[in-house]
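The structure appears right after this line, and notes come after that.
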Amino acid sequence: MHIHKIYTTYMNHAEKIKWLCITVILILIIFNYIFFIHQSSKLIKIIFFNIFCILLGSIFFNTNIGKKTIIFIKDIKLEFYKITWPTYTETLQTTGIVLLLIILTSIFLWIFDGLILRIISRILTPRL
């Protein structure tokens, strides 16, 4: 039911024509790849691919969903500006703490492994 609401909200006749054009351009991109796969000139392939991608992008960003995508990307960009990145000393201190904990954990696991090995070897060795 939710998809039907989106479809009725965003799909008028102009939008349907734009999405039809997007579908045709995608098919042309695939056809371009298949048709020029055995051609010796890669320049023609690259030129057609770039032309089709520019057309695809220009049509997509003129649809309602494309405009909402642009707004969403701008919001993401604004959120990135709000991030407070750690300073060099904070990064260095955090890295030092992580390395210290890794070393302590590895030493603990090494000692624990040695103890388990000795316990198992005492259990499994025959006593005379």
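Every chain in the structure tokens takes a letter, A first, then B, and so on in the order presented; its residues are numbered from 1, and the ligands are numbered from 1 following the presented order.
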
Residues at most 9 Å from Leu56 in chain A, counting only C-alpha atoms, excluding those fewer than 2 positions away in the same chain, as a ChimeraX atom specification?
/A:21-23,25-26,51-54,58-61

Looking only at helix (DSSP H, G or I) from DSSP on the backbone, list the matching residues of chain A as a PyMOL selection string.
chain A and resi 2-10+13-35+42-60+64-81+88-124
